[in-house]
Every structure is written in C-alpha cells, then in structure tokens.
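Input: a single structure, listed below in structure tokens.
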Amino acid sequence: MNLLDGKRLLITGVVTPDSIAYATAAAARRQGAMIVLTSFERDRERASETAALLGDDVDVLDLDVTEPDHFRRVTDQLRERWGGLDGALHAVAFAPRPALAGSFVDVDPAATQHAFNVSAHSYASLASVLAQLAPTSGGSLVGLDFDASAAWPVYNWMGVCKAALEAVSRYVARDLGRAGIRSNLVAGGPLHTRAANGIPDFETLTSAWTGGSPMRWDPHDATPVADAVCFLLSDLARGITGEILHVDGGYHAMAAPLGRPADPATAGT
Ligand SMILES: NC(=O)c1ccc[n+]([C@@H]2O[C@H](COP(=O)([O-])OP(=O)(O)OC[C@H]3O[C@@H](n4cnc5c(N)ncnc54)[C@H](O)[C@@H]3O)[C@@H](O)[C@H]2O)c1
C-alpha cells in the first residue's frame, strides 16, 4: 500500500527537472498517484520535455494562471479525464524584475499586481478547480511558501506575495473545510530552481542557511519538500488544514545565526 494509491492529482509548475513540482510529481508517482501537469505558453516546450522524463504517459495541460478561462478549461478537461480530482499542487510564482530588486518603495504597482495575481490569487483559482471536482470524501490543496513571517535581505515584493499566499491558504481552508477540502502550505528552504535563480542575490539566502539551519540543508535537493507535499496530499494528513509546514532544516525555529556548522568530527568533545 502506497501513500497516494489511486489519488488523481493536478500538479502545476513543472518547467525543469530542478522544479520543486517535478520532484513532487516524481514522488507522487512513486507513491501510486495518477498525475497531470500544467504549464503555460512561455514554458510549454520546456515543461513537455521535463514531463517526458517522468514517463511517456504524463500529460501537460495549458494553464496560464492569469487567465480565468484556462482554469475553466482545465476543470472541464479533468472532469472528462477522471470524473473528479483528489488533490492539487500550486507551484507557481513570478514577479517582474522591478518587484524583486531595487528600491522596495518605488515600484510600479502594475509590477506588484502582476506578481500578486500569478503568485497568490491563483491559489484561490486552483482551489475553485478542486472544489468543483473533489469527491464527497474531500480533497487536498497544497502550495509552496517561503516563510513570510519576517522581511528577508532579498525577495522584496515576492515576500509580500508569499505573505498574501499564506493568508489566501487560510481563507481557502475556512471556506472549503465543510466540503472536506484541506488547504496547506509547505514553506521550503532555498532551492536552486529557475525561479530562484531569477532572484537577485539569491545566494544571500543559501548562505544564511549554511550558518543558520540546525540541520544540513542541500539547496540542490528538492525531495524533502516534495515528500512533505505528498504527505499533505495524502489521507495521513486528513486532520490538517490551514497549516504551514516548514521544511527548511529547522532554520525558521532559530532566533539567531548559529555560526559555522559544527564539525561532526569534534562535536561533543
Ligand atoms: N526555489 C526556492 O527556493 C523556493 C523556496 C520556497 C518556495 N518556493 C516556491 O515554489 C514554487 C515553485 O517554484 P520553483 O522554485 O520550483 O521554480 P520553477 O521555476 O521551477 O517553477 C515556477 C513555475 O511557475 C510557472 N509560472 C510562472 N508564471 C506562470 C503563469 N502565469 N501561469 C502558469 N505558470 C506560471 C513556471 O512555468 C514554472 O513552472 C513557487 O511558488 C516558489 O515561490 C521556491
């Protein structure tokens, strides 16, 4: 018996094999899930190449999360394919460069609004897809967060979008709980993906983890985040909603930098 046997899952946000969504799709398939991916026009070709690495039976549906019509079409396509949907991963974020770098207080609102639409509002739209398709036993929606409880040295308006995403997830949990639909986020540590590499001075974050995370954190390994997503998509998490699960090596729980990581050879002497 596998964790996700028989689950019908929609996974957004696969573009390269480094994508957190790719690691999740691979883990979900190993756990017995049936999956369908989505991508949007700009990344469609790359996403299809990446999807093929998962198996030749993995389809990629078109979904630009700024287009309400696309959500309606994906809903129809899933209804036709499976007659329902048990869970979905929201792994989509984007901010125009001015919203990520430079003066925080002098950004064109058009840039921040676009970042908000793609990175936070779309979570509610995906929740609506799941609400229309979930069986009476319920469903699970999971999103990917970067701890938004404090300001980072980089990240700017994407940090604000993550704070919004945290709030959106709580409201989705509030409104869909009666239908048995859960809404949770996994707050991952920094990982080298295409989106992360577009964040100016992203290395500031990976360096912070080197000296601040009690457990070793590998910024090239998305599988710990993927496995936690699979848990939240599974029935083992049936009593959990409105939660933010930190999968960051414990960084969020430390009050101050720990200094250089302990040398295991001399620890305890
Ligand atoms: N990489 C990290 O350090 C990190 C840490 C915590 C959380 N996250 C979050 O994980 C999620 C996935 O990002 P990733 O790091 O795997 O990077 P990624 O570049 O692999 O994935 C980002 C995805 O967003 C998609 N996307 C962008 N605009 C879109 C639109 N309008 N419509 C549909 N799709 C669109 C891209 O096609 C891509 O698949 C994001 O929400 C990100 O903020 C990343």
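Here's how to read the names in the structure tokens: chain A, B, ... by the order shown, residue numbers from 1 in each chain, ligand numbers from 1 in the order shown.
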Near-Leu144 (chain A) list (12 Å; only C-alpha atoms; drop same-chain fewer than 5 positions) as a PyMOL selection string: chain A and resi 11-13+19-21+24+88-93+119-120+123+161-163+165-166+169+183-191+222+225-226+228-229+232+243-247
Can you tell me which residues surround Thr193 (chain A) at a distance of at most 9 Å, considering only C-alpha atoms, apart from same-chain residues fewer than 4 positions away, and format the answer as a list in words?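 Near Thr193 (chain A), the qualifying residues are Thr16, Pro17, Asp18, Ser19, Ile20, Asn197, Gly198 and His220 of chain A.
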Pick out the closest residue to Asp145 (chain A) from this set: A:Ala164, A:Val60, A:Leu37, A:Ala131. Count only C-alpha atoms. A:Ala164
Determine the nearest neighbour of ligand 1 from the options A:Arg46, A:Arg97, A:Arg170, A:Arg81, counting only C-alpha atoms and all ligand atoms.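 Using only C-alpha atoms and all ligand atoms, ligand 1 sits closest to A:Arg46.
Picture a line from CA of Gly139 (chain A) to CA of Gly87 (chain A); it runs 5.3 Å.
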Could you tell me, as an mmCIF file with C-alpha atoms, in the first residue's frame, which residues of region 2-247 of chain A DSSP assigns to alpha helix (DSSP H) when given the backbone?
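This is the output file states_6.cif:
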```cif
data_model
loop_
_atom_site.group_PDB
_atom_site.id
_atom_site.type_symbol
_atom_site.label_atom_id
_atom_site.label_comp_id
_atom_site.auth_asym_id
_atom_site.auth_seq_id
_atom_site.Cartn_x
_atom_site.Cartn_y
_atom_site.Cartn_z
ATOM 1 C CA ILE A 20 10.006 21.572 -6.854
ATOM 2 C CA ALA A 21 6.906 20.474 -8.766
ATOM 3 C CA TYR A 22 8.993 17.975 -10.742
ATOM 4 C CA ALA A 23 10.358 16.405 -7.548
ATOM 5 C CA THR A 24 6.802 16.279 -6.240
ATOM 6 C CA ALA A 25 5.417 14.732 -9.424
ATOM 7 C CA ALA A 26 8.113 12.037 -9.325
ATOM 8 C CA ALA A 27 7.498 11.343 -5.631
ATOM 9 C CA ALA A 28 3.714 11.258 -6.109
ATOM 10 C CA ARG A 29 4.023 8.730 -8.927
ATOM 11 C CA ARG A 30 6.281 6.555 -6.792
ATOM 12 C CA ARG A 44 5.238 24.830 -22.631
ATOM 13 C CA GLU A 45 8.062 23.251 -24.683
ATOM 14 C CA ARG A 46 10.451 23.013 -21.755
ATOM 15 C CA ALA A 47 7.738 21.623 -19.487
ATOM 16 C CA SER A 48 6.819 18.944 -22.034
ATOM 17 C CA GLU A 49 10.475 17.836 -22.277
ATOM 18 C CA THR A 50 10.646 17.667 -18.490
ATOM 19 C CA ALA A 51 7.320 15.810 -18.250
ATOM 20 C CA ALA A 52 8.679 13.160 -20.620
ATOM 21 C CA LEU A 53 11.359 12.340 -18.028
ATOM 22 C CA LEU A 54 8.545 11.236 -15.710
ATOM 23 C CA PRO A 68 -9.708 32.648 -15.782
ATOM 24 C CA ASP A 69 -10.760 30.838 -18.986
ATOM 25 C CA HIS A 70 -7.801 28.499 -18.642
ATOM 26 C CA PHE A 71 -8.980 27.381 -15.192
ATOM 27 C CA ARG A 72 -12.427 26.665 -16.633
ATOM 28 C CA ARG A 73 -10.898 24.635 -19.469
ATOM 29 C CA VAL A 74 -8.651 22.642 -17.115
ATOM 30 C CA THR A 75 -11.680 21.880 -14.924
ATOM 31 C CA ASP A 76 -13.559 20.517 -17.949
ATOM 32 C CA GLN A 77 -10.546 18.512 -19.119
ATOM 33 C CA LEU A 78 -10.079 16.878 -15.711
ATOM 34 C CA ARG A 79 -13.780 16.112 -15.408
ATOM 35 C CA GLU A 80 -13.664 14.421 -18.790
ATOM 36 C CA ARG A 81 -10.451 12.518 -17.990
ATOM 37 C CA TRP A 82 -11.072 11.338 -14.456
ATOM 38 C CA ARG A 97 12.260 42.242 -12.086
ATOM 39 C CA PRO A 98 11.430 45.690 -10.592
ATOM 40 C CA ALA A 99 9.362 43.909 -7.929
ATOM 41 C CA LEU A 100 12.332 41.727 -6.994
ATOM 42 C CA PRO A 109 2.018 48.981 -8.882
ATOM 43 C CA ALA A 110 1.469 47.168 -12.196
ATOM 44 C CA ALA A 111 4.507 45.003 -11.404
ATOM 45 C CA THR A 112 3.360 44.134 -7.900
ATOM 46 C CA GLN A 113 -0.188 43.453 -9.077
ATOM 47 C CA HIS A 114 1.061 41.024 -11.703
ATOM 48 C CA ALA A 115 3.218 39.282 -9.089
ATOM 49 C CA PHE A 116 0.199 39.032 -6.774
ATOM 50 C CA SER A 122 -4.046 31.909 -8.498
ATOM 51 C CA TYR A 123 -4.056 29.720 -5.386
ATOM 52 C CA ALA A 124 -7.728 30.572 -4.846
ATOM 53 C CA SER A 125 -8.478 29.848 -8.506
ATOM 54 C CA LEU A 126 -6.873 26.419 -8.200
ATOM 55 C CA ALA A 127 -8.880 25.841 -5.033
ATOM 56 C CA SER A 128 -12.011 26.509 -7.075
ATOM 57 C CA VAL A 129 -10.999 23.835 -9.612
ATOM 58 C CA LEU A 130 -10.568 21.332 -6.783
ATOM 59 C CA ALA A 131 -13.837 22.389 -5.132
ATOM 60 C CA GLN A 132 -15.725 21.651 -8.369
ATOM 61 C CA LEU A 133 -14.127 18.241 -8.874
ATOM 62 C CA ASN A 156 11.159 42.221 -1.886
ATOM 63 C CA TRP A 157 7.614 42.058 -3.268
ATOM 64 C CA MET A 158 7.751 38.276 -3.683
ATOM 65 C CA GLY A 159 7.996 38.187 0.099
ATOM 66 C CA VAL A 160 4.798 40.234 0.205
ATOM 67 C CA CYS A 161 3.186 37.814 -2.261
ATOM 68 C CA LYS A 162 4.150 34.899 -0.007
ATOM 69 C CA ALA A 163 2.536 36.670 2.961
ATOM 70 C CA ALA A 164 -0.570 37.009 0.780
ATOM 71 C CA LEU A 165 -0.368 33.340 -0.202
ATOM 72 C CA GLU A 166 -0.297 32.367 3.474
ATOM 73 C CA ALA A 167 -3.462 34.395 4.058
ATOM 74 C CA VAL A 168 -5.176 33.062 0.925
ATOM 75 C CA SER A 169 -4.497 29.496 2.054
ATOM 76 C CA ARG A 170 -6.096 30.182 5.444
ATOM 77 C CA TYR A 171 -9.240 31.626 3.804
ATOM 78 C CA VAL A 172 -9.439 28.663 1.416
ATOM 79 C CA ALA A 173 -9.201 26.382 4.465
ATOM 80 C CA ARG A 174 -12.030 28.365 6.066
ATOM 81 C CA ASP A 175 -14.376 28.224 3.092
ATOM 82 C CA LEU A 176 -13.746 24.706 1.781
ATOM 83 C CA ARG A 194 14.898 28.503 -12.370
ATOM 84 C CA ALA A 195 12.598 30.840 -10.404
ATOM 85 C CA ALA A 196 15.094 31.099 -7.550
ATOM 86 C CA ASN A 197 17.943 31.817 -9.911
ATOM 87 C CA GLU A 203 22.945 33.295 -2.662
ATOM 88 C CA THR A 204 22.347 35.542 0.370
ATOM 89 C CA LEU A 205 19.624 33.092 1.352
ATOM 90 C CA THR A 206 21.570 29.884 0.757
ATOM 91 C CA SER A 207 24.489 31.352 2.766
ATOM 92 C CA ALA A 208 22.121 32.263 5.597
ATOM 93 C CA TRP A 209 21.035 28.622 5.736
ATOM 94 C CA THR A 210 24.641 27.420 5.935
ATOM 95 C CA GLY A 211 25.131 29.268 9.209
ATOM 96 C CA GLY A 212 21.557 29.322 10.476
ATOM 97 C CA THR A 223 12.989 15.925 -2.404
ATOM 98 C CA PRO A 224 12.449 16.780 1.298
ATOM 99 C CA VAL A 225 9.929 19.430 0.231
ATOM 100 C CA ALA A 226 8.348 17.051 -2.303
ATOM 101 C CA ASP A 227 7.933 14.302 0.287
ATOM 102 C CA ALA A 228 6.234 16.717 2.704
ATOM 103 C CA VAL A 229 3.862 17.793 -0.080
ATOM 104 C CA CYS A 230 2.995 14.125 -0.690
ATOM 105 C CA PHE A 231 2.236 13.720 2.996
ATOM 106 C CA LEU A 232 -0.131 16.714 2.947
ATOM 107 C CA LEU A 233 -1.815 15.373 -0.212
#
```
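Picture a line from CA of Asp106 (chain A) to CA of Val154 (chain A); it runs 15.5 Å.
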What is the distance between CA of Phe146 (chain A) and atom 6 (C, counted along the ligand's line) of ligand 1, in Å to one decimal?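 Those two atoms sit 4.2 Å apart.
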Residue set, region 71-240 of chain A restricted to strand (DSSP E or B), as a PyMOL selection string: chain A and resi 87-90+139-145+181-188
Have a look at A:Asp57, A:Asp235, A:Asp108, A:Glu67 and name the one nearest to Asp86 (chain A); count only C-alpha atoms. A:Asp235
Determine, counting only C-alpha atoms, which protein, DNA and RNA residues have an atom within 7 Å of an atom of Gln31 (chain A); residues of the same chain fewer than 5 positions away are not included. Present the result as a tab-separated table (two decimals) with N, CA, C and O atoms, in the first residue's frame.
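Final file, result-v7.tsv:
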```
chain	number	residue	atom	x	y	z
A	2	ASN	N	0.69	2.10	-0.99
A	2	ASN	CA	1.47	3.34	-1.08
A	2	ASN	C	0.65	4.53	-0.56
A	2	ASN	O	-0.58	4.48	-0.54
A	3	LEU	N	1.38	5.58	-0.22
A	3	LEU	CA	0.77	6.77	0.39
A	3	LEU	C	-0.34	7.38	-0.47
A	3	LEU	O	-1.35	7.86	0.06
A	4	LEU	N	-0.15	7.38	-1.79
A	4	LEU	CA	-1.09	8.10	-2.67
A	4	LEU	C	-1.77	7.17	-3.68
A	4	LEU	O	-2.21	7.63	-4.75
A	5	ASP	N	-1.88	5.92	-3.32
A	5	ASP	CA	-2.51	4.95	-4.23
A	5	ASP	C	-3.87	5.44	-4.70
A	5	ASP	O	-4.74	5.78	-3.89
```
Find the residue from A:Ala148, A:Met215, A:Ala134, A:Ile35 that sits nearest to Arg182 (chain A); use only C-alpha atoms when measuring. A:Ala134
